[in-house]
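data.cif (mmCIF, C-alpha atoms and all ligand atoms)
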```cif
data_coords
loop_
_atom_site.label_atom_id
_atom_site.label_comp_id
_atom_site.auth_asym_id
_atom_site.auth_seq_id
_atom_site.Cartn_x
_atom_site.Cartn_y
_atom_site.Cartn_z
CA MET A 163 -3.61 -7.40 29.18
CA LYS A 164 -6.65 -5.37 28.27
CA PHE A 165 -8.13 -1.91 28.23
CA LYS A 166 -11.75 -0.78 28.17
CA LYS A 167 -13.19 -0.03 24.73
CA THR A 168 -14.43 3.24 26.18
CA ASP A 169 -10.76 4.17 26.87
CA LEU A 170 -9.72 3.84 23.21
CA ASN A 171 -9.41 7.61 22.69
CA GLU A 172 -7.39 7.93 25.90
CA VAL A 173 -5.06 5.14 24.67
CA LEU A 174 -4.58 6.87 21.30
CA LYS A 175 -4.07 10.23 22.98
CA THR A 176 -1.37 8.76 25.24
CA LEU A 177 0.44 7.16 22.31
CA ALA A 178 0.11 10.29 20.18
CA ARG A 179 2.24 12.21 22.74
CA GLU A 180 5.30 10.30 21.48
CA TYR A 181 4.33 8.83 18.14
CA THR A 182 2.42 9.77 14.99
CA VAL A 183 -0.42 7.29 15.29
CA PHE A 184 -2.08 6.08 12.08
CA ALA A 185 -5.51 4.65 12.91
CA PRO A 186 -8.58 3.59 10.90
CA ILE A 187 -10.47 6.88 10.67
CA VAL A 188 -13.79 7.57 8.97
CA GLU A 189 -13.83 10.77 6.95
CA ASN A 190 -16.35 11.66 4.23
CA GLU A 191 -17.95 8.24 4.76
CA GLU A 192 -14.71 6.43 3.90
CA LYS A 193 -12.52 4.56 6.38
CA LYS A 194 -8.76 4.91 5.86
CA PHE A 195 -5.53 4.99 7.88
CA MET A 196 -4.75 8.58 8.78
CA PRO A 197 -2.84 10.38 11.55
CA TRP A 198 -5.00 10.35 14.63
CA ALA A 199 -6.28 13.55 16.27
CA GLU A 200 -8.90 13.95 18.98
CA SER A 201 -11.41 15.35 16.51
CA LYS A 202 -11.17 12.23 14.29
CA ASP A 203 -13.71 9.44 14.20
CA VAL A 204 -11.87 6.10 14.78
CA GLU A 205 -13.64 2.91 13.71
CA MET A 206 -11.77 -0.20 14.88
CA GLU A 207 -14.42 -2.78 14.11
CA GLY A 208 -16.48 -3.37 10.97
CA LEU A 209 -14.89 -4.03 7.58
CA ASN A 210 -11.27 -3.41 6.63
CA THR A 211 -10.30 -0.23 4.77
CA ILE A 212 -10.46 -0.29 0.97
CA LYS A 213 -7.20 1.65 0.73
CA PRO A 214 -4.48 -0.48 2.35
CA PRO A 215 -2.18 1.10 4.97
CA LYS A 216 0.95 0.40 2.87
CA ASP A 217 1.47 4.11 2.06
CA VAL A 218 2.54 4.73 5.67
CA LEU A 219 5.71 2.74 4.87
CA PHE A 220 5.81 3.18 1.11
CA PRO A 221 4.16 6.51 0.11
CA ASN A 222 2.33 6.96 -3.22
CA VAL A 223 4.85 9.68 -4.12
CA GLU A 224 8.19 10.26 -2.41
CA LYS A 225 11.03 12.66 -3.21
CA MET A 226 14.39 10.85 -3.26
CA TYR A 227 16.91 13.60 -3.91
CA ARG A 228 17.16 17.16 -5.13
CA TYR A 229 19.85 18.59 -7.40
CA LYS A 230 21.15 21.70 -9.04
CA MET A 231 23.17 21.75 -12.23
CA GLY A 232 26.05 24.12 -13.13
CA LEU A 233 29.01 25.50 -11.16
CA GLU A 234 27.02 25.77 -7.95
CA GLY A 235 25.55 22.32 -8.53
CA PHE A 236 24.81 19.72 -5.86
CA ILE A 237 23.01 16.45 -5.26
CA GLU A 238 21.33 16.04 -1.90
CA GLU A 239 19.43 12.95 -0.76
CA ILE A 240 16.06 13.48 0.89
CA PHE A 241 15.48 10.91 3.61
CA PRO A 242 12.21 10.34 5.43
CA GLU A 243 12.02 12.49 8.56
CA ASP A 244 12.70 11.01 11.98
CA THR A 245 9.11 10.21 12.93
CA LYS A 246 8.26 7.39 15.28
CA ARG A 247 4.98 6.00 13.96
CA ILE A 248 2.42 3.51 15.07
CA LEU A 249 0.21 1.67 12.64
CA PHE A 250 -2.70 1.05 14.97
CA GLY A 251 -5.35 -1.54 14.14
CA ILE A 252 -4.21 -2.99 10.83
CA ARG A 253 -5.77 -6.33 9.91
CA PRO A 254 -3.93 -9.68 9.68
CA CYS A 255 -3.98 -9.61 5.84
CA ASP A 256 -2.32 -6.19 5.83
CA MET A 257 0.27 -7.28 8.40
CA ARG A 258 1.13 -10.25 6.19
CA SER A 259 1.44 -7.91 3.19
CA ILE A 260 3.98 -5.86 5.17
CA ASP A 261 5.92 -9.08 5.82
CA SER A 262 6.08 -9.52 2.03
CA MET A 263 7.18 -5.92 1.46
CA ASP A 264 9.89 -6.44 4.09
CA LYS A 265 11.21 -9.33 2.03
CA VAL A 266 11.25 -7.24 -1.15
CA PHE A 267 12.74 -4.05 0.30
CA LEU A 268 15.01 -5.45 3.01
CA THR A 269 16.38 -8.85 1.93
CA LYS A 270 18.35 -10.62 -0.81
CA GLU A 271 21.35 -8.32 -0.33
CA TYR A 272 19.37 -5.20 -1.20
CA VAL A 273 18.08 -2.70 1.34
CA ASP A 274 15.83 0.14 0.20
CA SER A 275 16.97 2.86 2.59
CA TYR A 276 13.73 4.88 2.29
CA TYR A 277 11.52 1.91 3.18
CA ALA A 278 14.00 0.71 5.82
CA LYS A 279 13.89 4.06 7.65
CA ARG A 280 10.10 4.14 7.86
CA ARG A 281 9.92 0.45 8.78
CA ASP A 282 12.50 0.87 11.58
CA ASP A 283 10.52 3.80 12.95
CA ALA A 284 7.22 1.91 12.89
CA THR A 285 5.53 -0.14 15.60
CA ILE A 286 2.59 -2.20 14.40
CA VAL A 287 -0.51 -2.96 16.44
CA ALA A 288 -2.58 -5.50 14.51
CA PHE A 289 -6.27 -6.01 15.18
CA GLY A 290 -8.18 -9.29 14.69
CA CYS A 291 -11.11 -8.89 12.30
CA THR A 292 -14.58 -8.84 13.84
CA GLU A 293 -16.32 -9.04 10.48
CA ALA A 294 -15.28 -10.36 7.07
CA GLY A 295 -16.20 -8.58 3.84
CA ARG A 296 -18.01 -10.49 1.08
CA THR A 297 -14.77 -10.79 -0.92
CA CYS A 298 -12.41 -11.71 1.97
CA PHE A 299 -10.73 -15.08 1.33
CA CYS A 300 -7.57 -14.81 3.47
CA GLU A 301 -8.17 -18.20 5.16
CA SER A 302 -7.99 -19.94 1.78
CA MET A 303 -4.59 -18.27 1.33
CA GLY A 304 -3.33 -19.70 4.63
CA LEU A 305 -3.98 -16.69 6.91
CA ASN A 306 -6.04 -16.36 10.05
CA PRO A 307 -8.35 -13.31 10.24
CA ASN A 308 -8.04 -13.38 14.06
CA ASP A 309 -4.26 -13.35 14.34
CA ALA A 310 -1.22 -11.62 12.81
CA PRO A 311 1.86 -13.54 14.05
CA SER A 312 4.47 -10.91 13.09
CA ALA A 313 2.76 -7.86 14.65
CA ASP A 314 4.52 -6.00 17.47
CA VAL A 315 1.26 -6.05 19.42
CA MET A 316 -1.78 -8.22 18.68
CA MET A 317 -5.12 -6.80 19.72
CA ASN A 318 -8.55 -8.48 19.69
CA VAL A 319 -11.99 -7.71 21.02
CA SER A 320 -12.56 -9.52 24.33
CA ALA A 321 -14.93 -12.48 24.60
CA ASP A 322 -17.46 -10.33 26.52
CA GLY A 323 -17.19 -7.52 23.94
CA GLU A 324 -16.32 -4.88 26.59
CA ASP A 325 -12.55 -4.62 26.18
CA TYR A 326 -9.65 -4.81 23.78
CA VAL A 327 -7.19 -7.57 24.70
CA LEU A 328 -3.51 -6.95 23.95
CA GLU A 329 -0.49 -9.18 23.56
CA ALA A 330 2.96 -7.61 23.09
CA ARG A 331 5.09 -9.87 20.90
CA THR A 332 8.28 -7.93 20.27
CA GLU A 333 10.50 -5.45 22.13
CA LYS A 334 8.88 -2.59 20.25
CA GLY A 335 5.49 -3.94 21.29
CA GLU A 336 6.53 -4.17 24.96
CA GLU A 337 7.83 -0.61 24.84
CA LEU A 338 4.50 0.57 23.45
CA VAL A 339 2.45 -1.29 26.03
CA LYS A 340 4.55 0.21 28.88
CA LYS A 341 3.41 3.69 27.81
CA LEU A 342 -0.17 2.66 28.56
CA GLU A 343 0.42 2.12 32.28
CA GLY A 344 -2.67 3.14 34.20
CA LEU A 345 -4.97 2.38 31.26
CA ILE A 346 -4.34 -1.35 30.93
CA THR A 347 -5.02 -4.13 33.40
CA ASP A 348 -4.05 -7.81 33.48
CA GLY A 349 -6.20 -10.61 32.10
CA GLY A 350 -8.77 -10.63 29.33
CA GLU A 351 -9.79 -13.38 26.97
CA ALA A 352 -9.63 -12.59 23.25
CA LYS A 353 -12.52 -13.47 20.94
CA LYS A 354 -11.06 -15.24 17.94
CA ASP A 355 -13.92 -16.75 15.99
CA THR A 356 -14.15 -14.64 12.82
CA LYS A 357 -14.38 -16.69 9.64
CA CYS A 358 -13.96 -15.61 6.03
CA SER A 359 -17.12 -15.17 4.00
CA LEU A 360 -15.48 -16.54 0.87
CA VAL A 361 -13.86 -19.97 0.88
CA ILE A 362 -12.14 -21.08 -2.32
CA ASN A 363 -10.57 -24.31 -3.54
CA LYS A 364 -6.90 -23.60 -4.02
CA ALA A 365 -4.50 -26.32 -5.12
CA GLU A 366 -1.67 -26.81 -2.60
CA ASP A 367 0.93 -26.62 -5.38
CA LEU A 368 -0.74 -23.89 -7.46
CA ASP A 369 2.53 -21.96 -7.71
CA LYS A 370 4.26 -24.90 -9.38
CA LYS A 371 1.27 -25.70 -11.56
CA LEU A 372 1.05 -22.10 -12.80
CA ALA A 373 4.73 -22.15 -13.69
CA LYS A 374 3.75 -24.69 -16.36
CA MET A 375 0.69 -22.76 -17.55
CA PHE A 376 2.28 -19.79 -19.29
CA GLU A 377 0.68 -20.70 -22.64
CA HIS A 378 -2.56 -22.14 -21.22
CA PRO A 379 -5.85 -20.95 -22.87
CA ILE A 380 -7.08 -19.84 -19.40
CA TRP A 381 -5.32 -16.49 -19.92
CA ASP A 382 -7.48 -15.56 -22.94
CA LYS A 383 -10.65 -16.21 -20.95
CA VAL A 384 -9.61 -14.54 -17.72
CA THR A 385 -8.59 -11.24 -19.36
CA LYS A 386 -12.01 -10.60 -20.93
CA GLY A 387 -13.42 -7.26 -19.81
CA CYS A 388 -10.22 -5.83 -18.27
CA ILE A 389 -9.97 -2.14 -19.15
CA GLY A 390 -6.39 -1.74 -17.93
CA CYS A 391 -7.30 0.88 -15.33
CA GLY A 392 -4.77 -0.31 -12.70
CA THR A 393 -7.28 -0.10 -9.83
CA CYS A 394 -6.42 -3.67 -8.79
CA THR A 395 -2.77 -2.76 -8.25
CA PHE A 396 -3.41 0.49 -6.37
CA VAL A 397 -5.79 -1.13 -3.86
CA CYS A 398 -3.57 -4.20 -3.43
CA PRO A 399 -1.58 -4.20 -0.16
CA THR A 400 1.20 -6.28 -1.71
CA CYS A 401 1.80 -4.41 -4.99
CA TYR A 402 5.06 -2.54 -4.60
CA CYS A 403 6.16 -1.47 -8.10
CA PHE A 404 7.25 2.11 -8.57
CA ASP A 405 8.52 4.40 -11.29
CA ILE A 406 11.30 6.99 -10.89
CA ASP A 407 10.99 10.34 -12.65
CA SER A 408 12.21 13.90 -12.23
CA GLU A 409 10.64 17.29 -11.91
CA ASN A 410 12.79 20.17 -13.21
CA TYR A 411 12.56 23.89 -12.54
CA GLY A 412 15.27 25.50 -14.70
CA ALA A 413 18.64 24.23 -13.49
CA GLU A 414 17.14 22.72 -10.32
CA GLY A 415 14.95 19.76 -9.73
CA CYS A 416 14.22 16.62 -7.80
CA LYS A 417 13.97 12.90 -8.47
CA TYR A 418 10.94 11.22 -7.05
CA ARG A 419 9.37 7.81 -7.12
CA CYS A 420 5.69 7.03 -7.36
CA TRP A 421 3.56 3.89 -7.43
CA ASP A 422 3.31 2.29 -10.84
CA SER A 423 1.07 -0.46 -12.21
CA CYS A 424 1.98 -3.51 -14.29
CA MET A 425 -1.54 -3.24 -15.74
CA PHE A 426 -0.52 -0.10 -17.69
CA SER A 427 0.89 -0.56 -21.23
CA ASP A 428 3.65 1.99 -20.48
CA TYR A 429 4.99 -0.16 -17.66
CA THR A 430 7.02 -2.42 -19.96
CA ARG A 431 7.24 -0.17 -23.03
CA LEU A 432 10.87 0.19 -24.08
CA ALA A 433 12.66 3.09 -25.73
CA GLY A 434 11.83 2.75 -29.43
CA GLY A 435 8.29 1.55 -28.70
CA ALA A 436 8.69 -2.24 -28.40
CA ASN A 437 6.64 -3.80 -25.64
CA PRO A 438 7.19 -7.34 -24.31
CA ARG A 439 3.69 -7.31 -22.77
CA PRO A 440 1.76 -5.80 -25.67
CA THR A 441 -1.81 -6.67 -24.67
CA LYS A 442 -3.91 -6.92 -21.53
CA LYS A 443 -3.57 -10.70 -21.64
CA GLU A 444 0.20 -10.57 -21.06
CA ARG A 445 -0.21 -7.88 -18.41
CA LEU A 446 -2.88 -9.71 -16.39
CA ARG A 447 -0.94 -12.97 -16.74
CA ASN A 448 2.09 -11.25 -15.29
CA ARG A 449 0.08 -9.82 -12.39
CA TYR A 450 -1.50 -13.16 -11.45
CA MET A 451 1.73 -15.11 -12.03
CA HIS A 452 3.67 -12.66 -9.86
CA LYS A 453 1.14 -12.97 -7.01
CA LEU A 454 0.73 -16.75 -7.21
CA SER A 455 3.91 -18.24 -8.64
CA TYR A 456 6.93 -15.97 -9.27
CA PHE A 457 6.96 -14.58 -5.72
CA ASN A 458 6.77 -18.13 -4.30
CA GLU A 459 9.78 -19.07 -6.36
CA ARG A 460 11.84 -16.13 -5.05
CA TYR A 461 10.59 -15.77 -1.48
CA GLY A 462 8.81 -19.05 -0.66
CA GLU A 463 5.34 -17.58 -0.13
CA THR A 464 2.39 -16.35 -2.14
CA LEU A 465 1.98 -12.61 -2.72
CA CYS A 466 -1.82 -12.65 -2.60
CA VAL A 467 -3.06 -12.41 1.00
CA GLY A 468 -6.74 -12.84 0.06
CA CYS A 469 -7.83 -9.39 1.22
CA GLY A 470 -10.38 -9.27 -1.62
CA ARG A 471 -9.83 -5.57 -2.38
CA CYS A 472 -9.11 -6.06 -6.09
CA VAL A 473 -12.20 -8.26 -6.37
CA GLU A 474 -14.34 -5.63 -4.64
CA LYS A 475 -13.08 -2.67 -6.67
CA CYS A 476 -12.45 -3.97 -10.21
CA PRO A 477 -14.91 -2.07 -12.45
CA ALA A 478 -14.94 -5.01 -14.88
CA HIS A 479 -15.60 -7.61 -12.15
CA LEU A 480 -12.42 -9.60 -12.70
CA ASP A 481 -11.91 -11.86 -9.75
CA ILE A 482 -8.55 -13.36 -8.67
CA SER A 483 -10.34 -15.79 -6.30
CA GLU A 484 -12.27 -17.24 -9.26
CA PHE A 485 -9.04 -17.44 -11.22
CA ILE A 486 -7.34 -19.34 -8.36
CA GLU A 487 -10.18 -21.89 -8.34
CA LYS A 488 -10.19 -22.27 -12.14
CA ALA A 489 -6.41 -22.57 -12.38
CA SER A 490 -6.36 -25.06 -9.50
CA ALA A 491 -8.89 -27.24 -11.34
CA ALA A 492 -7.51 -26.70 -14.88
CA GLU A 493 -6.33 -29.62 -16.97
CA LEU A 494 -2.79 -29.20 -18.23
CA GLY A 495 -2.48 -29.49 -22.02
CA LYS A 496 0.55 -30.64 -24.01
CA GLU A 497 1.76 -27.06 -24.25
CA ASP A 498 1.75 -26.77 -20.43
CA LYS A 499 4.10 -29.61 -19.52
S1 LIG A 501 -9.05 -3.30 -11.83
FE1 LIG A 501 -9.96 -4.81 -13.22
S2 LIG A 501 -10.25 -3.67 -15.16
FE2 LIG A 501 -8.81 -2.46 -13.91
S3 LIG A 501 -6.77 -3.21 -14.60
FE3 LIG A 501 -7.33 -4.43 -12.77
S4 LIG A 501 -8.29 -6.29 -13.64
FE4 LIG A 501 -8.26 -4.75 -15.31
S1 LIG A 502 -4.28 -9.64 -5.38
FE1 LIG A 502 -6.30 -8.83 -4.71
S2 LIG A 502 -6.98 -10.24 -3.08
FE2 LIG A 502 -4.77 -10.62 -3.41
S3 LIG A 502 -3.72 -9.30 -1.89
FE3 LIG A 502 -3.88 -8.09 -3.80
S4 LIG A 502 -5.81 -6.92 -3.60
FE4 LIG A 502 -5.85 -8.55 -2.05
#
```
Can the structure in the file be given as structure tokens, please?
Amino acid sequence: MKFKKTDLNEVLKTLAREYTVFAPIVENEEKKFMPWAESKDVEMEGLNTIKPPKDVLFPNVEKMYRYKMGLEGFIEEIFPEDTKRILFGIRPCDMRSIDSMDKVFLTKEYVDSYYAKRRDDATIVAFGCTEAGRTCFCESMGLNPNDAPSADVMMNVSADGEDYVLEARTEKGEELVKKLEGLITDGGEAKKDTKCSLVINKAEDLDKKLAKMFEHPIWDKVTKGCIGCGTCTFVCPTCYCFDIDSENYGAEGCKYRCWDSCMFSDYTRLAGGANPRPTKKERLRNRYMHKLSYFNERYGETLCVGCGRCVEKCPAHLDISEFIEKASAAELGKEDK
């Protein structure tokens, strides 16, 4: 199935009649996923967005319940509204990061009802990359920049560059494609030849090797320069930690959750002031170990999808791809066995 590139706005307009459609939109010279409107400037091709689309399913700040104390008191949960949404045009690395968030929020006998509601209401149209950024290394992490296997619909540019080729892969995807009757036609050959700009040497068993490297001297070297700003965690599509706090107005208030960062000293500070991760070394070690070893142990896959965002945006030029190469090649000392 395919539709003409020149019909993209018509396709989005049709979908927007029934769904809130989040698409890659350029505003103030920055591309990010925002609700589509006819006045917006959609840019499907080119580089991926710096801000990942994860906030569509897991907002930066979200009210969980409101309450009132006293005789007239109550507690009332605040659930996400009933909004059918489409995430239109997310890249394979971001689709794979949603697969990881699904595991965290929906499996192992725990279901996060807020995430579950948004995820149930979402249909995801992934888009094969046409260009890789200088820090993209998803292929070295086992992904394919041209394909997102778990998407509801996979979309690629056609071999002749004139069309977008679609493949519906789930019931939700088929339902979405049916709404485009009249705009789509049969056939179309997808162009799937995008390669990553950055190729790194990653050891097959890096997760297991890292599990033995907790005391390795590599951590002292790799932390140099980190200023603990948390940028790496906020731009990462797979970071999902949050804090819960409350906002009070007299006897009334609400509990909310907001993104948190393991790179902040407060993150592990306990009542009384003790901190099990007292310096940046312990905090960065935890971040890299979580991405490359702990998550594998719990869920059987790595939590770094090689999107390169943290590499691109770190003000101190710390680079997880360099770390992966160095750790893969590192000699284990006596303390690491
Ligand atoms: S973005 Fe860089 S400097 Fe900031 S916390 Fe992350 S690693 Fe440290
Ligand atoms: S750790 Fe860095 S490269 Fe890996 S998924 Fe997160 S932002 Fe992307």
Kindly provide, as a PDB file with C-alpha atoms, in the frame of the given file, all nucleotide and amino acid residues lying within 10 Å of ligand LIG 501 (chain A), counting only C-alpha atoms and all ligand atoms.
```
ATOM      1  CA  VAL A 384      -9.610 -14.540 -17.720  1.00  0.00           C
ATOM      2  CA  THR A 385      -8.590 -11.240 -19.360  1.00  0.00           C
ATOM      3  CA  LYS A 386     -12.010 -10.600 -20.930  1.00  0.00           C
ATOM      4  CA  GLY A 387     -13.420  -7.260 -19.810  1.00  0.00           C
ATOM      5  CA  CYS A 388     -10.220  -5.830 -18.270  1.00  0.00           C
ATOM      6  CA  ILE A 389      -9.970  -2.140 -19.150  1.00  0.00           C
ATOM      7  CA  GLY A 390      -6.390  -1.740 -17.930  1.00  0.00           C
ATOM      8  CA  CYS A 391      -7.300   0.880 -15.330  1.00  0.00           C
ATOM      9  CA  GLY A 392      -4.770  -0.310 -12.700  1.00  0.00           C
ATOM     10  CA  THR A 393      -7.280  -0.100  -9.830  1.00  0.00           C
ATOM     11  CA  CYS A 394      -6.420  -3.670  -8.790  1.00  0.00           C
ATOM     12  CA  THR A 395      -2.770  -2.760  -8.250  1.00  0.00           C
ATOM     13  CA  PHE A 396      -3.410   0.490  -6.370  1.00  0.00           C
ATOM     14  CA  VAL A 397      -5.790  -1.130  -3.860  1.00  0.00           C
ATOM     15  CA  SER A 423       1.070  -0.460 -12.210  1.00  0.00           C
ATOM     16  CA  CYS A 424       1.980  -3.510 -14.290  1.00  0.00           C
ATOM     17  CA  MET A 425      -1.540  -3.240 -15.740  1.00  0.00           C
ATOM     18  CA  PHE A 426      -0.520  -0.100 -17.690  1.00  0.00           C
ATOM     19  CA  LYS A 442      -3.910  -6.920 -21.530  1.00  0.00           C
ATOM     20  CA  LYS A 443      -3.570 -10.700 -21.640  1.00  0.00           C
ATOM     21  CA  ARG A 445      -0.210  -7.880 -18.410  1.00  0.00           C
ATOM     22  CA  LEU A 446      -2.880  -9.710 -16.390  1.00  0.00           C
ATOM     23  CA  ARG A 449       0.080  -9.820 -12.390  1.00  0.00           C
ATOM     24  CA  TYR A 450      -1.500 -13.160 -11.450  1.00  0.00           C
ATOM     25  CA  ARG A 471      -9.830  -5.570  -2.380  1.00  0.00           C
ATOM     26  CA  CYS A 472      -9.110  -6.060  -6.090  1.00  0.00           C
ATOM     27  CA  VAL A 473     -12.200  -8.260  -6.370  1.00  0.00           C
ATOM     28  CA  GLU A 474     -14.340  -5.630  -4.640  1.00  0.00           C
ATOM     29  CA  LYS A 475     -13.080  -2.670  -6.670  1.00  0.00           C
ATOM     30  CA  CYS A 476     -12.450  -3.970 -10.210  1.00  0.00           C
ATOM     31  CA  PRO A 477     -14.910  -2.070 -12.450  1.00  0.00           C
ATOM     32  CA  ALA A 478     -14.940  -5.010 -14.880  1.00  0.00           C
ATOM     33  CA  HIS A 479     -15.600  -7.610 -12.150  1.00  0.00           C
ATOM     34  CA  LEU A 480     -12.420  -9.600 -12.700  1.00  0.00           C
ATOM     35  CA  ASP A 481     -11.910 -11.860  -9.750  1.00  0.00           C
ATOM     36  CA  ILE A 482      -8.550 -13.360  -8.670  1.00  0.00           C
TER      37      ILE A 482
END
```
Practice prompt. Write as a ChimeraX atom specification the residues around ligand LIG 502 (chain A), taking 6 Å as the cut-off and counting only C-alpha atoms and all ligand atoms.
Written response: /A:397-400,466-472
Item to complete: May I have the residues within 10 Å of segment 240-252 of chain A as a PyMOL selection string, using only C-alpha atoms and disregarding those fewer than 4 positions away in the same chain?
Response: chain A and resi 174+177-178+180-186+195-198+205-207+210-211+214-216+218-219+224-228+256-257+275-291+310+313+315-318+338+416-418
Practice prompt. Determine, counting only C-alpha atoms, which protein, DNA and RNA residues have an atom within 6 Å of an atom of Ala321 of chain A; residues of the same chain fewer than 5 positions away are not included. Present the result as JSON, numbers by chain.
Written response: {"A": [351, 352, 353]}
Restricted to C-alpha atoms, what would the selected residues look like written as a compact mmCIF listing (two decimals), keeping the file's coordinate frame?
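Written file, out.txt:
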```
# COMPACT_ATOMS: atom_id res chain seq x y z
CA GLU A 351 -9.79 -13.38 26.97
CA ALA A 352 -9.63 -12.59 23.25
CA LYS A 353 -12.52 -13.47 20.94
```
Fill in: Separation of atom CA of Val319 of chain A from atom CA of Phe165 of chain A, in Å and rounded to one decimal
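According to the coordinates, atom CA of Val319 of chain A and atom CA of Phe165 of chain A are separated by 10.0 Å.
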Discussion item. Just the number, please: distance in Å from atom CA of Ser408 of chain A to atom CA of Thr441 of chain A, one decimal.
Written reply: 27.8 Å
Non-local contacts of Leu454 of chain A (9 Å; all atoms listed in the file; under 4 positions in same chain excluded) as a PDB file with C-alpha atoms, in the frame of the given file:
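out_19.pdb, freshly written:
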```pdb
ATOM      1  CA  LEU A 368      -0.740 -23.890  -7.460  1.00  0.00           C
ATOM      2  CA  ASP A 369       2.530 -21.960  -7.710  1.00  0.00           C
ATOM      3  CA  LEU A 372       1.050 -22.100 -12.800  1.00  0.00           C
ATOM      4  CA  ARG A 449       0.080  -9.820 -12.390  1.00  0.00           C
ATOM      5  CA  TYR A 450      -1.500 -13.160 -11.450  1.00  0.00           C
ATOM      6  CA  ASN A 458       6.770 -18.130  -4.300  1.00  0.00           C
ATOM      7  CA  GLU A 463       5.340 -17.580  -0.130  1.00  0.00           C
ATOM      8  CA  THR A 464       2.390 -16.350  -2.140  1.00  0.00           C
ATOM      9  CA  LEU A 465       1.980 -12.610  -2.720  1.00  0.00           C
ATOM     10  CA  CYS A 466      -1.820 -12.650  -2.600  1.00  0.00           C
ATOM     11  CA  ILE A 486      -7.340 -19.340  -8.360  1.00  0.00           C
TER      12      ILE A 486
END
```
Worksheet item: Suppose you want the space between atom CA of Asp348 of chain A and atom CA of Pro311 of chain A; what is it in Å?
Response: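 Distance between the two atoms: 21.1 Å.
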Worksheet item: Taking all atoms listed in the file into account, which of A:Ala373, A:Ala294, A:Met451, A:Ala330 comes nearest Asn306 of chain A?
Response: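 Counting all atoms listed in the file, the residue closest to Asn306 of chain A is A:Ala294.
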Practice prompt. Measuring atom to atom with all atoms listed in the file, identify which of A:Phe457, A:Val273, A:Asn410, A:Lys488 is nearest to Met231 of chain A.
Written response: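 Nearest to Met231 of chain A: A:Asn410.
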Worksheet item: If we count all atoms listed in the file, what is near Lys371 of chain A at a cut-off of 12 Å, once residues fewer than 4 positions away on the same chain are taken out, given as number ranges by chain?
Response: A: 364-367, 375-376, 378, 451, 454-456, 458-459, 486, 488-495, 498-499
Selected residues, C-alpha atoms, written as a short mmCIF file (atom, residue, chain, number, x, y, z; two decimals), in the coordinates of the input, please.
```cif
data_model
loop_
_atom_site.label_atom_id
_atom_site.label_comp_id
_atom_site.auth_asym_id
_atom_site.auth_seq_id
_atom_site.Cartn_x
_atom_site.Cartn_y
_atom_site.Cartn_z
CA LYS A 364 -6.90 -23.60 -4.02
CA ALA A 365 -4.50 -26.32 -5.12
CA GLU A 366 -1.67 -26.81 -2.60
CA ASP A 367 0.93 -26.62 -5.38
CA MET A 375 0.69 -22.76 -17.55
CA PHE A 376 2.28 -19.79 -19.29
CA HIS A 378 -2.56 -22.14 -21.22
CA MET A 451 1.73 -15.11 -12.03
CA LEU A 454 0.73 -16.75 -7.21
CA SER A 455 3.91 -18.24 -8.64
CA TYR A 456 6.93 -15.97 -9.27
CA ASN A 458 6.77 -18.13 -4.30
CA GLU A 459 9.78 -19.07 -6.36
CA ILE A 486 -7.34 -19.34 -8.36
CA LYS A 488 -10.19 -22.27 -12.14
CA ALA A 489 -6.41 -22.57 -12.38
CA SER A 490 -6.36 -25.06 -9.50
CA ALA A 491 -8.89 -27.24 -11.34
CA ALA A 492 -7.51 -26.70 -14.88
CA GLU A 493 -6.33 -29.62 -16.97
CA LEU A 494 -2.79 -29.20 -18.23
CA GLY A 495 -2.48 -29.49 -22.02
CA ASP A 498 1.75 -26.77 -20.43
CA LYS A 499 4.10 -29.61 -19.52
#
```
